[in-house]
>>> print(open('entry.txt').read())   # compact mmCIF, C-alpha atoms
# COMPACT_ATOMS: atom_id res chain seq x y z
CA MET A 110 -42.75 31.97 -106.61
CA THR A 111 -40.18 31.99 -109.40
CA SER A 112 -39.43 34.95 -111.62
CA ASP A 113 -41.05 33.16 -114.56
CA GLU A 114 -44.22 32.53 -112.55
CA ILE A 115 -44.33 36.17 -111.50
CA LEU A 116 -43.85 37.44 -115.05
CA SER A 117 -46.64 35.13 -116.19
CA GLU A 118 -48.93 36.49 -113.49
CA LEU A 119 -48.01 40.08 -114.34
CA ARG A 120 -48.96 39.43 -117.96
CA THR A 121 -52.38 38.15 -116.90
CA MET A 122 -52.91 41.45 -115.02
CA SER A 123 -51.82 43.68 -117.89
CA SER A 124 -54.00 46.24 -119.59
CA GLU A 125 -53.45 48.60 -122.49
CA LYS A 126 -54.48 51.51 -120.26
CA TYR A 127 -51.67 51.00 -117.79
CA LYS A 128 -49.20 50.15 -120.53
CA ALA A 129 -49.97 53.49 -122.18
CA ASN A 130 -49.43 55.25 -118.84
CA VAL A 131 -46.01 53.63 -118.45
CA VAL A 132 -44.99 54.56 -121.99
CA LYS A 133 -45.93 58.18 -121.25
CA LEU A 134 -43.28 58.17 -118.54
CA GLY A 135 -40.68 57.64 -121.23
CA ILE A 136 -40.23 53.92 -120.68
CA PRO A 137 -39.84 51.94 -123.92
CA GLU A 138 -42.96 49.97 -124.79
CA ALA A 139 -40.89 46.80 -124.99
CA CYS A 140 -40.03 47.24 -121.29
CA SER A 141 -43.63 47.68 -120.16
CA ILE A 142 -46.12 44.95 -119.27
CA GLY A 143 -48.95 47.31 -118.28
CA VAL A 144 -49.84 46.59 -114.63
CA SER A 145 -51.00 49.06 -111.99
CA THR A 146 -48.80 49.74 -108.97
CA ALA A 147 -51.64 48.55 -106.72
CA ASP A 148 -51.61 45.15 -108.43
CA VAL A 149 -47.82 45.03 -108.24
CA ARG A 150 -48.06 45.56 -104.48
CA LYS A 151 -50.60 42.75 -104.13
CA LEU A 152 -48.31 40.40 -106.00
CA ALA A 153 -45.37 41.42 -103.82
CA LYS A 154 -47.24 40.21 -100.75
CA LYS A 155 -47.67 36.81 -102.39
CA ALA A 156 -44.02 36.63 -103.40
CA GLY A 157 -42.63 37.40 -99.94
CA LYS A 158 -39.07 38.56 -99.24
CA ASP A 159 -36.44 37.04 -101.50
CA ASN A 160 -33.38 39.00 -102.61
CA ALA A 161 -32.27 36.49 -105.21
CA LEU A 162 -35.73 36.66 -106.76
CA ALA A 163 -35.58 40.46 -106.61
CA HIS A 164 -32.34 40.53 -108.60
CA GLU A 165 -33.82 38.16 -111.18
CA LEU A 166 -36.89 40.37 -111.55
CA TRP A 167 -34.78 43.52 -111.80
CA ASN A 168 -32.61 41.99 -114.49
CA THR A 169 -35.62 41.24 -116.72
CA GLY A 170 -35.69 44.95 -117.54
CA TYR A 171 -39.48 45.13 -117.26
CA HIS A 172 -40.71 48.23 -115.46
CA GLU A 173 -43.33 46.42 -113.39
CA ALA A 174 -40.89 43.64 -112.52
CA ARG A 175 -38.48 46.25 -111.21
CA LEU A 176 -41.19 47.91 -109.13
CA LEU A 177 -41.93 44.47 -107.70
CA ALA A 178 -38.24 43.72 -107.13
CA VAL A 179 -37.93 46.71 -104.81
CA LEU A 180 -40.83 45.45 -102.71
CA VAL A 181 -39.58 41.87 -102.25
CA ILE A 182 -36.09 42.82 -101.09
CA ASP A 183 -35.12 42.16 -97.49
CA LYS A 184 -33.39 45.44 -96.66
CA LYS A 185 -31.31 43.76 -93.94
CA LYS A 186 -29.56 41.75 -96.65
CA PHE A 187 -29.25 44.55 -99.22
CA THR A 188 -26.26 46.86 -99.51
CA LEU A 189 -25.77 50.46 -100.57
CA GLN A 190 -23.61 49.18 -103.41
CA GLU A 191 -26.50 47.08 -104.72
CA GLY A 192 -28.76 50.10 -104.40
CA GLU A 193 -26.34 52.17 -106.47
CA ALA A 194 -26.29 49.52 -109.18
CA PHE A 195 -30.09 49.50 -109.29
CA MET A 196 -30.28 53.29 -109.47
CA HIS A 197 -27.98 53.47 -112.46
CA ASP A 198 -30.51 51.31 -114.37
CA VAL A 199 -33.44 53.65 -113.64
CA ILE A 200 -34.98 55.48 -116.61
CA SER A 201 -38.14 57.02 -115.10
CA TRP A 202 -38.99 59.32 -112.22
CA ASP A 203 -41.58 56.95 -110.74
CA LEU A 204 -39.15 54.03 -110.42
CA CYS A 205 -36.55 56.44 -109.02
CA ASP A 206 -38.92 57.63 -106.30
CA HIS A 207 -40.25 54.10 -105.67
CA LEU A 208 -36.74 52.79 -105.14
CA CYS A 209 -35.80 55.68 -102.85
CA LYS A 210 -38.95 55.74 -100.72
CA ASN A 211 -39.48 52.00 -100.36
CA LEU A 212 -35.90 50.77 -100.03
CA LEU A 213 -32.92 53.13 -100.09
CA ILE A 214 -34.19 55.43 -97.32
CA LYS A 215 -34.41 52.35 -95.08
CA LEU A 216 -30.76 51.39 -95.53
CA LYS A 217 -28.15 52.31 -92.96
CA GLY A 218 -25.89 54.95 -94.44
CA TYR A 219 -28.34 56.25 -97.07
CA GLU A 220 -26.95 59.70 -96.26
CA ASP A 221 -23.80 58.72 -98.12
CA LEU A 222 -25.87 58.33 -101.29
CA ILE A 223 -27.20 61.87 -100.92
CA GLU A 224 -23.66 63.21 -100.70
CA LYS A 225 -22.53 61.13 -103.65
CA TRP A 226 -25.50 61.83 -105.92
CA CYS A 227 -26.43 65.48 -105.23
CA ASP A 228 -24.40 66.67 -108.23
CA ALA A 229 -24.61 63.52 -110.38
CA GLU A 230 -24.65 63.76 -114.15
CA ALA A 231 -27.33 61.11 -114.68
CA VAL A 232 -30.77 62.69 -114.30
CA TYR A 233 -32.41 60.04 -112.12
CA VAL A 234 -29.34 59.50 -109.98
CA LYS A 235 -29.33 63.22 -109.18
CA ARG A 236 -33.10 63.20 -108.65
CA ALA A 237 -32.61 60.35 -106.19
CA ALA A 238 -30.44 62.53 -103.92
CA TYR A 239 -33.25 65.06 -103.46
CA THR A 240 -35.95 62.39 -103.23
CA LEU A 241 -33.94 60.90 -100.36
CA MET A 242 -33.67 64.35 -98.73
CA ALA A 243 -37.44 64.78 -98.96
CA SER A 244 -38.05 61.26 -97.65
CA ALA A 245 -35.64 61.79 -94.76
CA ALA A 246 -37.34 65.05 -93.79
CA ILE A 247 -40.70 63.26 -93.76
CA HIS A 248 -39.83 59.97 -92.09
CA GLU A 249 -36.91 60.61 -89.72
CA LYS A 250 -38.46 61.11 -86.30
CA ASN A 251 -35.91 63.61 -84.99
CA PRO A 252 -33.66 64.80 -87.80
CA GLU A 253 -30.63 66.71 -86.58
CA ASN A 254 -30.59 70.44 -87.28
CA GLU A 255 -27.10 70.06 -88.68
CA THR A 256 -28.35 67.47 -91.16
CA LEU A 257 -31.23 69.61 -92.40
CA ASP A 258 -28.99 72.68 -92.60
CA HIS A 259 -26.55 70.65 -94.68
CA TYR A 260 -29.35 69.59 -97.03
CA LEU A 261 -30.31 73.24 -97.48
CA SER A 262 -26.68 74.00 -98.29
CA LEU A 263 -26.62 71.23 -100.91
CA ILE A 264 -29.80 72.64 -102.45
CA ARG A 265 -28.25 76.10 -102.58
CA THR A 266 -25.08 74.77 -104.24
CA TYR A 267 -26.35 72.13 -106.66
CA SER A 268 -29.83 73.25 -107.68
CA ASP A 269 -28.69 74.86 -110.93
CA ASP A 270 -30.09 72.07 -113.09
CA GLU A 271 -32.62 72.75 -115.84
CA ARG A 272 -33.80 69.16 -116.18
CA GLU A 273 -37.46 68.96 -115.22
CA HIS A 274 -37.29 65.79 -113.17
CA VAL A 275 -34.33 67.14 -111.20
CA LYS A 276 -35.65 70.60 -110.39
CA LYS A 277 -39.02 69.18 -109.33
CA SER A 278 -37.28 66.90 -106.84
CA VAL A 279 -35.20 69.81 -105.50
CA SER A 280 -38.37 71.83 -104.92
CA TRP A 281 -39.92 68.84 -103.19
CA ALA A 282 -36.91 68.46 -100.87
CA LEU A 283 -36.95 72.16 -100.01
CA ARG A 284 -40.68 72.06 -99.21
CA GLU A 285 -40.42 68.96 -97.03
CA ILE A 286 -37.52 70.42 -95.06
CA GLY A 287 -39.61 73.56 -94.54
CA LYS A 288 -42.44 71.50 -93.05
CA ARG A 289 -40.26 70.37 -90.16
CA ASP A 290 -41.24 73.28 -87.88
CA PHE A 291 -41.50 77.09 -87.64
CA ASP A 292 -37.75 77.62 -87.81
CA TYR A 293 -37.25 75.47 -90.89
CA GLN A 294 -40.21 76.96 -92.66
CA GLU A 295 -38.48 80.33 -92.30
CA LYS A 296 -35.13 78.91 -93.44
CA ALA A 297 -36.71 77.28 -96.48
CA VAL A 298 -38.63 80.43 -97.39
CA LEU A 299 -35.47 82.53 -97.14
CA LEU A 300 -33.56 80.08 -99.34
CA ALA A 301 -36.38 80.08 -101.88
CA HIS A 302 -36.21 83.89 -102.07
CA GLU A 303 -32.43 83.70 -102.37
CA LEU A 304 -32.75 81.33 -105.33
CA ILE A 305 -35.29 83.62 -106.99
CA GLU A 306 -33.20 86.73 -106.53
CA ASN A 307 -29.71 85.40 -107.22
CA GLY A 308 -30.07 82.08 -108.98
CA ASP A 309 -30.14 80.96 -112.59
CA LYS A 310 -33.29 80.07 -114.52
CA ALA A 311 -33.67 76.65 -112.88
CA GLN A 312 -33.12 78.01 -109.38
CA LYS A 313 -35.64 80.80 -109.92
CA TRP A 314 -38.19 78.18 -110.94
CA ILE A 315 -37.40 76.05 -107.88
CA GLY A 316 -37.74 79.01 -105.54
CA LYS A 317 -41.07 80.09 -107.00
CA ASP A 318 -42.44 76.56 -107.05
CA ALA A 319 -41.42 75.90 -103.44
CA LEU A 320 -42.93 79.18 -102.20
CA LYS A 321 -46.37 78.17 -103.49
CA GLU A 322 -46.53 75.76 -100.57
CA LEU A 323 -43.99 77.10 -98.10
CA GLU A 324 -45.75 80.44 -97.67
CA LYS A 325 -49.05 78.83 -96.74
CA LEU A 326 -47.92 76.21 -94.25
CA VAL A 327 -49.90 75.88 -91.05
CA LYS A 328 -49.67 74.04 -87.76
CA VAL A 329 -52.27 71.42 -86.92
CA GLU A 330 -52.71 70.13 -83.38
CA GLY A 331 -51.60 66.54 -83.05
CA ARG A 332 -49.23 66.62 -86.03
CA SER A 333 -45.51 67.09 -85.61
CA ARG A 334 -44.97 68.56 -89.08
CA LEU A 335 -46.55 71.54 -90.78
CA ILE A 336 -49.06 71.07 -93.58
CA ALA A 337 -50.47 73.18 -96.41
CA SER A 338 -53.36 75.42 -95.47
CA ASP A 339 -55.28 74.44 -98.61
CA SER A 340 -55.31 70.75 -97.67
CA LYS A 341 -58.52 69.41 -96.13
CA MET A 342 -56.96 69.08 -92.69
CA GLY A 343 -55.32 72.47 -93.01
CA LYS A 344 -58.59 74.20 -93.85
CA GLU A 345 -60.38 72.58 -90.92
CA ASN A 346 -57.81 72.86 -88.17
CA ALA A 347 -54.96 75.23 -88.81
CA ALA A 348 -53.65 78.61 -87.85
CA PRO A 349 -51.18 80.33 -90.22
CA LEU A 350 -47.53 80.63 -89.40
CA PRO A 351 -45.61 83.90 -89.06
CA ALA A 352 -43.49 83.23 -92.11
CA GLN A 353 -46.54 83.78 -94.28
CA GLN A 354 -45.91 87.46 -93.74
CA LEU A 355 -42.31 87.43 -95.03
>>> encode(input="entry.txt", output="structure tokens")
Amino acid sequence: MTSDEILSELRTMSSEKYKANVVKLGIPEACSIGVSTADVRKLAKKAGKDNALAHELWNTGYHEARLLAVLVIDKKKFTLQEGEAFMHDVISWDLCDHLCKNLLIKLKGYEDLIEKWCDAEAVYVKRAAYTLMASAAIHEKNPENETLDHYLSLIRTYSDDEREHVKKSVSWALREIGKRDFDYQEKAVLLAHELIENGDKAQKWIGKDALKELEKLVKVEGRSRLIASDSKMGKENAAPLPAQQL
């Protein structure tokens, strides 16, 4: 499929409902076609993997075309430098997270982006650093303790950011690190309390928000990571962790 054919098909799928949803995210109406992410994913399967096509779609500036671009990229032929260029075009939290979770986290050396972006000035570039931390904590099979400890240190140092879409991603990263096991639940809880007691307004918010989940994590047989006790699986199968009594 060509980029023109894909844009034509996206327009046939559009609806005012989804266009309104995209505009609510802060994306200019002129950059929205109005297509659900589920339909974008279906179209990506038809398009196949094609990096040249992905760049063409990205460069249209349309939100849905950019979501699709991320899905048609062959990660083996995509560089960190290209990923950086894409991220600097991002103007919404959903595209930021989509790009991080579906592409950047799968690139060799994504850790370098975390280091580079954790104190970025641009809101979605900085959010991306913590989205990548959260994604790494979830998807890496055996993350090194040193790596997770370093992420906690970055959170402690660079979490003083009042911007809503940044502090929410920091809280997310802290919670996902805490779900690794008993030890990291305790480390995350202690850091959350430290932020509440000694941090600025943003850090206090992050600490309180993270504790809502961290203090009710439970262990479920058959799952390597901890889960929230108020989830369906948590309610049915779990026993509370000691850190709930901190």
>>> atom_distance(input="entry.txt", atom1="atom CA of Lys154 of chain A", atom2="atom CA of Ala139 of chain A")
25.9 Å
>>> closest_residue(input="entry.txt", among="A:Leu257, A:Leu222, A:Val181, A:Leu176", to="Ala282 of chain A", atoms="all atoms listed in the file")
A:Leu257
>>> atom_distance(input="entry.txt", atom1="atom CA of Glu271 of chain A", atom2="atom CA of Gly308 of chain A")
11.9 Å
>>> closest_residue(input="entry.txt", among="A:Glu253, A:Arg150, A:Lys186, A:Ser278", to="Cys209 of chain A", atoms="only C-alpha atoms")
A:Ser278
>>> atom_distance(input="entry.txt", atom1="atom CA of Ile182 of chain A", atom2="atom CA of Asn160 of chain A")
4.9 Å
>>> residues_around(input="entry.txt", residues="Ser280 of chain A", least_positions_apart="5", cutoff="7 Å", atoms="only C-alpha atoms", output="PyMOL selection string")
chain A and resi 315+318-319
>>> residues_around(input="entry.txt", residues="Leu300 of chain A", least_positions_apart="2", cutoff="9 Å", atoms="all atoms listed in the file", output="number ranges by chain")
A: 261, 264-265, 283, 295-298, 302-305, 316
>>> closest_residue(input="entry.txt", among="A:Met196, A:Leu134, A:Leu299, A:Ile142", to="Ala229 of chain A", atoms="all atoms listed in the file")
A:Met196
>>> residues_around(input="entry.txt", residues="Asp290 of chain A", least_positions_apart="6", cutoff="9 Å", atoms="all atoms listed in the file", output="list of chain:residue names")
A:Lys328, A:Ser333, A:Arg334, A:Leu335
>>> closest_residue(input="entry.txt", among="A:Val329, A:Leu213, A:Met122, A:Ile286", to="Thr256 of chain A", atoms="all atoms listed in the file")
A:Ile286
>>> residues_around(input="entry.txt", residues="Ser201 of chain A", least_positions_apart="3", cutoff="12 Å", atoms="only C-alpha atoms", output="CSV table (one decimal) with C-alpha atoms, keeping the file's coordinate frame")
chain,number,residue,atom,x,y,z
A,131,VAL,CA,-46.0,53.6,-118.4
A,132,VAL,CA,-45.0,54.6,-122.0
A,133,LYS,CA,-45.9,58.2,-121.2
A,134,LEU,CA,-43.3,58.2,-118.5
A,135,GLY,CA,-40.7,57.6,-121.2
A,136,ILE,CA,-40.2,53.9,-120.7
A,137,PRO,CA,-39.8,51.9,-123.9
A,140,CYS,CA,-40.0,47.2,-121.3
A,141,SER,CA,-43.6,47.7,-120.2
A,172,HIS,CA,-40.7,48.2,-115.5
A,173,GLU,CA,-43.3,46.4,-113.4
A,175,ARG,CA,-38.5,46.2,-111.2
A,176,LEU,CA,-41.2,47.9,-109.1
A,196,MET,CA,-30.3,53.3,-109.5
A,197,HIS,CA,-28.0,53.5,-112.5
A,198,ASP,CA,-30.5,51.3,-114.4
A,204,LEU,CA,-39.2,54.0,-110.4
A,205,CYS,CA,-36.6,56.4,-109.0
A,206,ASP,CA,-38.9,57.6,-106.3
A,207,HIS,CA,-40.2,54.1,-105.7
A,208,LEU,CA,-36.7,52.8,-105.1
A,231,ALA,CA,-27.3,61.1,-114.7
A,232,VAL,CA,-30.8,62.7,-114.3
A,233,TYR,CA,-32.4,60.0,-112.1
A,234,VAL,CA,-29.3,59.5,-110.0
A,236,ARG,CA,-33.1,63.2,-108.6
A,237,ALA,CA,-32.6,60.4,-106.2
A,273,GLU,CA,-37.5,69.0,-115.2
A,274,HIS,CA,-37.3,65.8,-113.2
A,275,VAL,CA,-34.3,67.1,-111.2
>>> residues_around(input="entry.txt", residues="Asp309 of chain A", least_positions_apart="5", cutoff="9 Å", atoms="all atoms listed in the file", output="PyMOL selection string")
chain A and resi 269-270+304+314
>>> write_last_selection(input="entry.txt", atoms="C-alpha atoms", output="mmCIF file, in the frame of the given file")
data_model
loop_
_atom_site.group_PDB
_atom_site.id
_atom_site.type_symbol
_atom_site.label_atom_id
_atom_site.label_comp_id
_atom_site.auth_asym_id
_atom_site.auth_seq_id
_atom_site.Cartn_x
_atom_site.Cartn_y
_atom_site.Cartn_z
ATOM 1 C CA ASP A 269 -28.690 74.860 -110.930
ATOM 2 C CA ASP A 270 -30.090 72.070 -113.090
ATOM 3 C CA LEU A 304 -32.750 81.330 -105.330
ATOM 4 C CA TRP A 314 -38.190 78.180 -110.940
#
>>> axis_aligned_box(input="entry.txt", around="segment 296-303 of chain A", padding_each_side="6 Å", output="lines of an AutoDock Vina configuration file")
center_x = -35.5
center_y = 80.6
center_z = -97.9
size_x = 18.2
size_y = 18.6
size_z = 20.9
>>> closest_residue(input="entry.txt", among="A:Leu119, A:Asp203, A:Lys210, A:Lys128", to="Leu166 of chain A", atoms="only C-alpha atoms")
A:Leu119
>>> build_atoms(input="entry.txt", residues="segment 251-265 of chain A", atoms="N, CA and C atoms", output="PDB file, in the frame of the given file")
ATOM      1  N   ASN A 251     -36.562  62.424 -85.561  1.00  0.00           N
ATOM      2  CA  ASN A 251     -35.910  63.610 -84.990  1.00  0.00           C
ATOM      3  C   ASN A 251     -34.657  63.950 -85.790  1.00  0.00           C
ATOM      4  N   PRO A 252     -34.845  64.476 -86.994  1.00  0.00           N
ATOM      5  CA  PRO A 252     -33.660  64.800 -87.800  1.00  0.00           C
ATOM      6  C   PRO A 252     -32.829  65.891 -87.129  1.00  0.00           C
ATOM      7  N   GLU A 253     -31.527  65.727 -87.180  1.00  0.00           N
ATOM      8  CA  GLU A 253     -30.630  66.710 -86.580  1.00  0.00           C
ATOM      9  C   GLU A 253     -30.685  68.026 -87.350  1.00  0.00           C
ATOM     10  N   ASN A 254     -30.621  69.128 -86.622  1.00  0.00           N
ATOM     11  CA  ASN A 254     -30.590  70.440 -87.280  1.00  0.00           C
ATOM     12  C   ASN A 254     -29.424  70.541 -88.243  1.00  0.00           C
ATOM     13  N   GLU A 255     -28.288  69.992 -87.826  1.00  0.00           N
ATOM     14  CA  GLU A 255     -27.100  70.060 -88.680  1.00  0.00           C
ATOM     15  C   GLU A 255     -27.322  69.338 -90.009  1.00  0.00           C
ATOM     16  N   THR A 256     -28.059  68.236 -89.946  1.00  0.00           N
ATOM     17  CA  THR A 256     -28.350  67.470 -91.160  1.00  0.00           C
ATOM     18  C   THR A 256     -29.242  68.266 -92.103  1.00  0.00           C
ATOM     19  N   LEU A 257     -30.321  68.838 -91.567  1.00  0.00           N
ATOM     20  CA  LEU A 257     -31.230  69.610 -92.400  1.00  0.00           C
ATOM     21  C   LEU A 257     -30.551  70.867 -92.945  1.00  0.00           C
ATOM     22  N   ASP A 258     -29.728  71.500 -92.125  1.00  0.00           N
ATOM     23  CA  ASP A 258     -28.990  72.680 -92.600  1.00  0.00           C
ATOM     24  C   ASP A 258     -28.049  72.295 -93.738  1.00  0.00           C
ATOM     25  N   HIS A 259     -27.445  71.123 -93.620  1.00  0.00           N
ATOM     26  CA  HIS A 259     -26.550  70.650 -94.680  1.00  0.00           C
ATOM     27  C   HIS A 259     -27.332  70.395 -95.967  1.00  0.00           C
ATOM     28  N   TYR A 260     -28.521  69.821 -95.840  1.00  0.00           N
ATOM     29  CA  TYR A 260     -29.350  69.590 -97.030  1.00  0.00           C
ATOM     30  C   TYR A 260     -29.713  70.917 -97.707  1.00  0.00           C
ATOM     31  N   LEU A 261     -30.026  71.918 -96.913  1.00  0.00           N
ATOM     32  CA  LEU A 261     -30.310  73.240 -97.480  1.00  0.00           C
ATOM     33  C   LEU A 261     -29.091  73.787 -98.210  1.00  0.00           C
ATOM     34  N   SER A 262     -27.916  73.551 -97.645  1.00  0.00           N
ATOM     35  CA  SER A 262     -26.680  74.000 -98.290  1.00  0.00           C
ATOM     36  C   SER A 262     -26.462  73.285 -99.617  1.00  0.00           C
ATOM     37  N   LEU A 263     -26.753  71.984 -99.661  1.00  0.00           N
ATOM     38  CA  LEU A 263     -26.620  71.230-100.910  1.00  0.00           C
ATOM     39  C   LEU A 263     -27.597  71.754-101.958  1.00  0.00           C
ATOM     40  N   ILE A 264     -28.806  72.081-101.522  1.00  0.00           N
ATOM     41  CA  ILE A 264     -29.800  72.640-102.450  1.00  0.00           C
ATOM     42  C   ILE A 264     -29.297  73.978-103.008  1.00  0.00           C
ATOM     43  N   ARG A 265     -28.769  74.795-102.146  1.00  0.00           N
ATOM     44  CA  ARG A 265     -28.250  76.100-102.580  1.00  0.00           C
ATOM     45  C   ARG A 265     -27.121  75.920-103.610  1.00  0.00           C
TER      46      ARG A 265
END
